[in-house]
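Dumped protein.cif below, it's mmCIF, C-alpha atoms:
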data_query
loop_
_atom_site.label_atom_id
_atom_site.label_comp_id
_atom_site.auth_asym_id
_atom_site.auth_seq_id
_atom_site.Cartn_x
_atom_site.Cartn_y
_atom_site.Cartn_z
CA MET A 285 -23.86 -17.55 -6.30
CA LYS A 286 -23.03 -13.82 -6.22
CA ASN A 287 -19.43 -14.55 -5.18
CA ARG A 288 -19.02 -17.11 -7.95
CA ILE A 289 -20.37 -14.75 -10.63
CA GLU A 290 -18.05 -11.98 -9.42
CA TYR A 291 -15.14 -14.39 -9.45
CA ILE A 292 -15.87 -15.54 -13.01
CA LEU A 293 -15.95 -11.90 -14.15
CA PHE A 294 -12.72 -11.23 -12.26
CA LEU A 295 -11.02 -14.20 -13.94
CA ALA A 296 -12.35 -13.11 -17.32
CA LEU A 297 -10.74 -9.68 -16.86
CA SER A 298 -7.50 -11.32 -15.79
CA TYR A 299 -7.41 -13.51 -18.90
CA LEU A 300 -8.32 -10.50 -21.04
CA CYS A 301 -5.28 -8.67 -19.67
CA ARG A 302 -3.17 -11.69 -20.56
CA LEU A 303 -4.66 -11.79 -24.06
CA ILE A 304 -4.00 -8.13 -24.88
CA GLY A 305 -0.73 -7.91 -22.90
CA LEU A 306 0.40 -5.54 -20.19
CA LYS A 307 1.23 -2.65 -22.52
CA MET A 308 -2.26 -2.63 -24.05
CA SER A 309 -3.79 -3.16 -20.60
CA HIS A 310 -2.12 0.07 -19.49
CA LYS A 311 -3.74 1.88 -22.42
CA THR A 312 -7.09 0.31 -21.61
CA ALA A 313 -6.82 1.68 -18.05
CA LYS A 314 -7.02 5.24 -19.45
CA ILE A 315 -10.25 4.41 -21.31
CA LEU A 316 -11.69 2.80 -18.17
CA ALA A 317 -10.74 5.89 -16.16
CA TYR A 318 -12.90 8.06 -18.44
CA LEU A 319 -15.73 5.54 -18.14
CA PHE A 320 -15.70 5.37 -14.34
CA PHE A 321 -14.96 9.04 -13.72
CA TYR A 322 -17.57 10.51 -16.06
CA PHE A 323 -20.24 7.84 -16.53
CA ILE A 324 -20.06 5.38 -13.60
CA PRO A 325 -18.65 7.68 -10.89
CA ILE A 326 -18.17 5.15 -8.09
CA ARG A 327 -16.75 7.00 -5.02
CA LYS A 328 -15.99 10.04 -7.16
CA ASP A 329 -17.62 12.34 -4.57
CA VAL A 330 -15.45 10.81 -1.83
CA VAL A 331 -12.26 11.38 -3.83
CA ILE A 332 -13.14 15.00 -4.62
CA ASP A 333 -14.16 15.68 -1.01
CA ASN A 334 -10.89 14.21 0.33
CA LEU A 335 -8.79 16.17 -2.16
CA THR A 336 -10.64 19.42 -1.39
CA LYS A 337 -9.91 18.96 2.32
CA ALA A 338 -6.27 18.01 1.71
CA PHE A 339 -5.54 20.80 -0.80
CA PRO A 340 -7.71 23.82 0.10
CA ASP A 341 -5.41 26.08 -1.93
CA LYS A 342 -6.11 24.26 -5.21
CA SER A 343 -8.83 25.34 -7.63
CA GLU A 344 -11.85 23.20 -8.46
CA LYS A 345 -10.33 22.46 -11.88
CA GLU A 346 -7.05 21.31 -10.28
CA ILE A 347 -8.95 19.10 -7.82
CA ARG A 348 -10.95 17.47 -10.61
CA THR A 349 -7.76 16.85 -12.61
CA ILE A 350 -6.10 15.12 -9.65
CA ALA A 351 -9.32 13.18 -9.01
CA PHE A 352 -9.41 11.89 -12.60
CA ASN A 353 -5.73 10.96 -12.42
CA THR A 354 -6.46 9.12 -9.15
CA PHE A 355 -9.01 6.95 -10.97
CA HIS A 356 -6.52 6.41 -13.77
CA SER A 357 -3.74 5.45 -11.35
CA PHE A 358 -5.95 2.97 -9.51
CA LEU A 359 -7.04 1.32 -12.77
CA ILE A 360 -3.41 1.00 -13.88
CA THR A 361 -2.74 -0.78 -10.59
CA LEU A 362 -5.79 -2.98 -11.09
CA VAL A 363 -4.79 -4.20 -14.56
CA GLU A 364 -1.26 -4.83 -13.30
CA ILE A 365 -2.67 -6.96 -10.47
CA LEU A 366 -4.91 -8.82 -12.91
CA TYR A 367 -1.83 -9.56 -15.04
CA LEU A 368 0.25 -10.82 -12.08
CA PRO A 369 -0.31 -14.57 -12.68
CA TRP A 370 1.64 -14.18 -15.94
CA THR A 371 4.26 -11.71 -14.70
CA THR A 372 7.65 -13.42 -14.70
CA GLU A 373 10.50 -12.96 -12.25
CA GLU A 374 12.52 -11.24 -14.99
CA GLN A 375 9.67 -8.83 -15.75
CA LEU A 376 9.16 -7.90 -12.11
CA ASN A 377 12.88 -7.31 -11.61
CA ASP A 378 12.76 -4.94 -14.58
CA ILE A 379 9.57 -3.16 -13.47
CA VAL A 380 10.40 -2.57 -9.79
CA LYS A 381 13.63 -0.94 -8.65
CA PHE A 382 14.59 -0.62 -4.98
CA PHE A 383 17.04 1.98 -3.71
CA ASN A 384 18.88 2.06 -0.35
CA LEU A 385 18.72 -1.72 -0.02
CA ASP A 386 21.80 -1.48 2.18
CA ILE A 387 19.59 -0.04 4.95
CA PHE A 388 17.34 -3.09 4.68
CA GLU A 389 20.22 -5.55 4.76
CA LYS A 390 21.99 -3.80 7.63
CA ARG A 391 18.90 -3.84 9.85
CA TYR A 392 17.95 -7.38 8.87
CA LEU A 393 21.39 -8.70 9.77
CA GLU A 394 21.12 -7.15 13.24
CA ASN A 395 18.75 -10.05 13.93
CA ASN A 396 15.91 -8.11 15.57
CA GLY A 397 13.41 -8.77 12.82
CA LEU A 398 12.05 -6.05 10.54
CA ILE A 399 8.79 -4.22 10.04
CA VAL A 400 8.51 -3.06 6.42
CA LEU A 401 5.84 -0.43 5.80
CA SER A 402 4.24 0.83 2.63
CA ALA A 403 1.03 2.58 1.58
CA HIS A 404 -1.85 2.26 -0.88
CA PHE A 405 0.27 4.20 -3.33
CA GLY A 406 1.32 3.42 -6.90
CA ASN A 407 1.19 -0.39 -7.01
CA TRP A 408 1.42 -1.55 -3.41
CA GLU A 409 1.08 -5.22 -4.40
CA TYR A 410 4.20 -4.94 -6.57
CA CYS A 411 6.00 -3.39 -3.60
CA ALA A 412 5.47 -6.40 -1.34
CA ILE A 413 5.85 -9.12 -3.98
CA ALA A 414 9.01 -7.61 -5.47
CA GLY A 415 10.39 -6.94 -2.00
CA GLY A 416 10.47 -10.64 -1.17
CA LEU A 417 11.74 -11.56 -4.62
CA ILE A 418 14.54 -9.00 -4.91
CA THR A 419 15.83 -9.31 -1.33
CA GLN A 420 15.43 -13.11 -1.36
CA ARG A 421 13.82 -12.86 2.08
CA LYS A 422 10.39 -14.07 3.12
CA PHE A 423 7.96 -11.26 3.90
CA SER A 424 4.97 -12.11 6.10
CA VAL A 425 2.50 -9.70 4.52
CA ILE A 426 -0.43 -8.58 6.66
CA VAL A 427 -3.49 -8.27 4.40
CA LYS A 428 -7.13 -7.38 4.86
CA PRO A 429 -9.37 -10.19 3.56
CA GLN A 430 -11.52 -9.36 0.55
CA ARG A 431 -15.29 -9.63 0.83
CA ASN A 432 -15.38 -12.30 -1.87
CA PRO A 433 -13.47 -15.37 -0.58
CA LEU A 434 -12.78 -16.64 -4.11
CA VAL A 435 -11.15 -13.37 -5.15
CA ASN A 436 -9.36 -13.33 -1.81
CA ASP A 437 -7.84 -16.76 -2.48
CA TRP A 438 -6.79 -15.68 -5.98
CA LEU A 439 -5.05 -12.58 -4.61
CA ASN A 440 -3.27 -14.50 -1.88
CA LYS A 441 -2.02 -17.01 -4.44
CA VAL A 442 -0.32 -14.29 -6.51
CA ARG A 443 0.94 -12.55 -3.35
CA THR A 444 2.76 -15.76 -2.40
CA LYS A 445 3.98 -16.54 -5.92
CA TRP A 446 7.60 -16.20 -4.85
CA ASN A 447 9.00 -15.86 -1.32
CA ASN A 448 6.19 -14.30 0.70
CA GLU A 449 3.45 -15.60 2.97
CA VAL A 450 0.17 -13.98 3.96
CA VAL A 451 -1.04 -13.16 7.47
CA THR A 452 -4.70 -12.15 7.51
CA LEU A 453 -5.54 -8.92 9.34
CA GLY A 454 -7.76 -9.76 12.28
CA VAL A 455 -6.12 -13.07 13.22
CA SER A 456 -4.50 -13.29 16.62
CA ILE A 457 -1.84 -10.64 17.05
CA ARG A 458 0.26 -13.45 18.47
CA ASN A 459 0.82 -14.66 14.90
CA VAL A 460 2.44 -11.35 14.04
CA PHE A 461 4.54 -11.31 17.20
CA ALA A 462 5.61 -14.88 16.42
CA VAL A 463 7.08 -13.76 13.08
CA LEU A 464 9.09 -11.02 14.81
CA MET A 465 10.14 -13.39 17.60
CA LYS A 466 11.72 -15.53 14.88
CA LYS A 467 13.61 -12.40 13.71
CA GLU A 468 11.77 -12.42 10.40
CA ILE A 469 10.05 -9.72 8.35
CA VAL A 470 6.52 -8.38 8.75
CA ALA A 471 5.22 -6.20 5.90
CA MET A 472 2.08 -4.07 5.94
CA VAL A 473 0.48 -0.99 4.46
CA ALA A 474 0.41 1.65 7.16
CA ASP A 475 -1.98 4.28 5.83
CA GLN A 476 -5.32 2.89 7.03
CA ARG A 477 -7.62 5.16 8.98
CA GLY A 478 -7.54 4.10 12.60
CA PRO A 479 -10.60 3.24 14.70
CA GLU A 480 -12.56 6.12 16.23
CA GLU A 481 -10.99 5.57 19.66
CA SER A 482 -7.44 5.66 18.25
CA ILE A 483 -5.05 8.58 18.61
CA LYS A 484 -5.71 11.66 16.47
CA LEU A 485 -2.87 13.24 14.52
CA ASP A 486 -2.58 16.00 11.93
CA PHE A 487 -2.79 14.79 8.35
CA PHE A 488 -2.88 17.57 5.75
CA GLY A 489 -3.70 19.98 8.58
CA ARG A 490 -6.71 18.02 9.83
CA LYS A 491 -7.01 15.66 12.77
CA THR A 492 -7.59 12.05 11.80
CA SER A 493 -7.56 8.68 13.56
CA VAL A 494 -4.27 6.88 13.01
CA TYR A 495 -3.53 3.16 13.01
CA THR A 496 -0.86 2.68 15.68
CA GLY A 497 -0.10 -1.01 15.07
CA PRO A 498 3.35 -0.50 13.46
CA ALA A 499 4.52 1.79 16.26
CA VAL A 500 3.29 -0.60 18.97
CA LEU A 501 4.96 -3.60 17.31
CA SER A 502 8.23 -1.73 16.83
CA LEU A 503 8.39 -0.55 20.44
CA LYS A 504 7.31 -3.83 22.04
CA MET A 505 9.72 -5.93 19.98
CA ASN A 506 12.51 -3.37 19.56
CA THR A 507 12.17 -3.88 15.81
CA PRO A 508 13.31 -1.32 13.19
CA LEU A 509 10.76 0.30 10.91
CA ILE A 510 11.67 0.47 7.21
CA ILE A 511 9.33 2.27 4.84
CA GLY A 512 9.20 2.11 1.05
CA ILE A 513 6.57 3.63 -1.24
CA ALA A 514 6.14 2.48 -4.84
CA VAL A 515 6.18 5.59 -7.03
CA ARG A 516 5.06 4.94 -10.59
CA GLN A 517 7.27 6.41 -13.30
CA PRO A 518 6.07 7.62 -16.73
CA ASP A 519 7.21 4.32 -18.30
CA PHE A 520 5.11 2.27 -15.81
CA ARG A 521 8.15 1.18 -13.85
CA TYR A 522 8.30 1.74 -10.09
CA LYS A 523 10.91 3.40 -7.92
CA ILE A 524 10.96 2.44 -4.23
CA VAL A 525 13.36 4.33 -1.98
CA LEU A 526 13.77 2.57 1.36
CA GLU A 527 14.11 4.75 4.44
CA GLU A 528 14.22 4.00 8.14
CA ILE A 529 11.71 5.70 10.43
CA SER A 530 13.92 7.04 13.18
CA ARG A 531 13.28 5.82 16.71
CA ASP A 532 15.83 8.21 18.16
CA ASN A 533 14.92 10.90 20.71
CA LEU A 534 11.51 9.48 21.58
CA PRO A 535 9.72 10.67 24.75
CA GLU A 536 10.14 8.68 27.96
CA ASN A 537 6.42 7.96 28.36
CA TYR A 538 5.33 4.83 26.45
CA GLU A 539 2.04 6.29 25.15
CA GLU A 540 3.86 9.41 24.01
CA LYS A 541 6.40 7.20 22.23
CA ILE A 542 3.57 5.58 20.25
CA ILE A 543 2.18 9.00 19.33
CA GLU A 544 5.57 10.39 18.25
CA LEU A 545 6.54 7.33 16.21
CA SER A 546 3.11 7.28 14.51
CA LYS A 547 3.49 11.00 13.80
CA ARG A 548 6.83 10.40 12.07
CA MET A 549 5.26 7.73 9.87
CA ILE A 550 2.24 9.82 8.86
CA GLU A 551 4.43 12.86 8.12
CA TYR A 552 6.59 10.71 5.84
CA LEU A 553 3.48 9.48 4.02
CA GLU A 554 2.09 12.99 3.64
CA SER A 555 5.35 14.20 2.09
CA TYR A 556 5.00 11.58 -0.67
CA ILE A 557 1.32 12.27 -1.26
CA ARG A 558 2.01 15.98 -1.68
CA LYS A 559 4.56 15.16 -4.41
CA TYR A 560 2.38 12.59 -6.23
CA PRO A 561 -1.22 13.15 -5.06
CA GLU A 562 -2.79 11.17 -7.90
CA GLN A 563 -0.95 7.97 -6.91
CA TRP A 564 -2.51 7.64 -3.45
CA PHE A 565 -5.79 5.78 -2.89
CA TRP A 566 -8.22 8.61 -2.03
CA MET A 567 -11.35 6.45 -2.29
CA HIS A 568 -11.88 5.95 1.47
CA ARG A 569 -13.08 8.71 3.79
CA ARG A 570 -9.78 9.58 5.47
CA TRP A 571 -11.31 12.13 7.87
CA LYS A 572 -14.39 10.13 8.86
CA HIS A 573 -13.50 10.51 12.54
#
Please express what this file holds, its structure, as structure tokens.
Amino acid sequence: MKNRIEYILFLALSYLCRLIGLKMSHKTAKILAYLFFYFIPIRKDVVIDNLTKAFPDKSEKEIRTIAFNTFHSFLITLVEILYLPWTTEEQLNDIVKFFNLDIFEKRYLENNGLIVLSAHFGNWEYCAIAGGLITQRKFSVIVKPQRNPLVNDWLNKVRTKWNNEVVTLGVSIRNVFAVLMKKEIVAMVADQRGPEESIKLDFFGRKTSVYTGPAVLSLKMNTPLIIGIAVRQPDFRYKIVLEEISRDNLPENYEEKIIELSKRMIEYLESYIRKYPEQWFWMHRRWKH
């Protein structure tokens, strides 16, 4: 019953976004940001704690400003996701712009498969959906299932609206290897905190557990790593610059290769977060272990 009630409320918000339109939904996100930041401060303490650790040189006022803008950014993303069932191909092509697509095409045509990485940054759902649409290639998107199965099904339906398919995180890793064996494209967000037993790397000057899955897949399958992060522009469009994570000059030892390749990925992510700190999802404890 709880799941069904949540789903009805979720659908109601989605239809409300359709009723008022995307432009007004963006304006509503600012009002909701004030509501959740000042009156219903869900995970506000976590966001402020993370930002304080990441930016020790910033004042309390600066930290609180970034924290508020983080809430605002997430709510913009949320209303855009809620509006996705009514987003047309033409709209998405106008909203999301990819740069350096020649890198993507070159590596794809080498017929070794591709691993496309992103982060919980800007609108990460746009990044994957538009990626499949604009390149006219099928992305097998690895996703974490939502707690509510009804909401999960709704999300997966919009994720596969055009060319993509969904691979649920936690299913047999053989499913992921099978995609790469067919020389196809695996897409995933690569900024999750790793398990406690995972390798520890510097992230904003602090050791944190890092998810090594992309590095392991790339090395085992000899598959290139392409990364693209959706940076929101002032007009609510998104700019995604594709870059290849270099696999040159890696150590000889296999475990050290995983560490070095993971380090290159996390350093790339940190460089973007430092430029646009409010657009990253700070609501999970990044330095839990």
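Applied to this file, the PyMOL selection byres ((chain A and resi 401) around 6) selects A:Val400, A:Ser402, A:Ala471, A:Met472, A:Val473, A:Ala474, A:Ile511.
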### Task
Run the PyMOL selection byres ((chain A and resi 447-453) around 9) against the file shown and list the residues it catches, as a PyMOL selection string.
chain A and resi 412-413+415-417+420-429+440+443-446+454-457+459-460
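Coordinates place atom CA of A:Leu501 at a distance of 12.6 Å from atom CA of A:Arg531.
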### Message
Take the PyMOL selection byres ((chain A and resi 329-342) around 8), run it mentally on this structure, and tell me the resulting residues as a count of residues only.
### Response
17
### Message
Rounded to one decimal, what separation in Å do you get between atom CA of A:Glu527 and atom CA of A:Lys504?
### Response
20.7 Å
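If all atoms listed in the file are the atoms counted, then among A:Lys314, A:Phe320, A:Glu373, A:Leu362 the closest residue to A:Cys301 is A:Leu362.
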Please determine an axis-aligned box that encloses all atoms of stretch 317-331 of chain A listed in the file, with 8 Å added on each side, and express its centre and edge lengths in Å to one decimal as JSON.
{"center_x": -15.5, "center_y": 8.7, "center_z": -10.1, "size_x": 25.5, "size_y": 23.2, "size_z": 32.6}
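Proximity of A:Ile510, A:Ile289, A:Ile350, A:Ile483 to A:Pro561, computed with all atoms listed in the file, is greatest for A:Ile350.
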### Task
Please identify all polymer residues within 12 Å of A:Lys559, counting only C-alpha atoms, omitting same-chain residues fewer than 6 positions from it, and present them as a ChimeraX atom specification.
/A:350,405,515-516,552-553
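As for atom CA of A:Leu306 and atom CA of A:Tyr367, they are spaced 6.9 Å apart.
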For C-alpha atoms, please extract stretch 317-341 of chain A from the block and return it as a short mmCIF file (atom, residue, chain, number, x, y, z; two decimals), in the first residue's frame.
data_model
loop_
_atom_site.label_atom_id
_atom_site.label_comp_id
_atom_site.auth_asym_id
_atom_site.auth_seq_id
_atom_site.Cartn_x
_atom_site.Cartn_y
_atom_site.Cartn_z
CA ALA A 317 14.49 24.51 -2.82
CA TYR A 318 13.60 27.17 -0.24
CA LEU A 319 10.99 24.84 1.24
CA PHE A 320 13.29 21.84 1.61
CA PHE A 321 16.40 23.77 2.61
CA TYR A 322 14.83 25.96 5.28
CA PHE A 323 11.69 24.16 6.46
CA ILE A 324 12.00 20.45 5.60
CA PRO A 325 15.81 20.06 5.67
CA ILE A 326 16.12 16.46 4.49
CA ARG A 327 19.85 15.54 4.39
CA LYS A 328 20.81 19.19 4.76
CA ASP A 329 23.31 18.32 7.53
CA VAL A 330 24.92 15.70 5.27
CA VAL A 331 25.31 18.19 2.42
CA ILE A 332 26.84 20.87 4.67
CA ASP A 333 29.16 18.33 6.32
CA ASN A 334 30.36 17.02 2.93
CA LEU A 335 30.93 20.54 1.59
CA THR A 336 32.80 21.60 4.74
CA LYS A 337 35.16 18.63 4.34
CA ALA A 338 35.62 19.21 0.61
CA PHE A 339 36.16 22.98 0.85
CA PRO A 340 37.84 23.75 4.21
CA ASP A 341 38.97 27.13 2.87
#
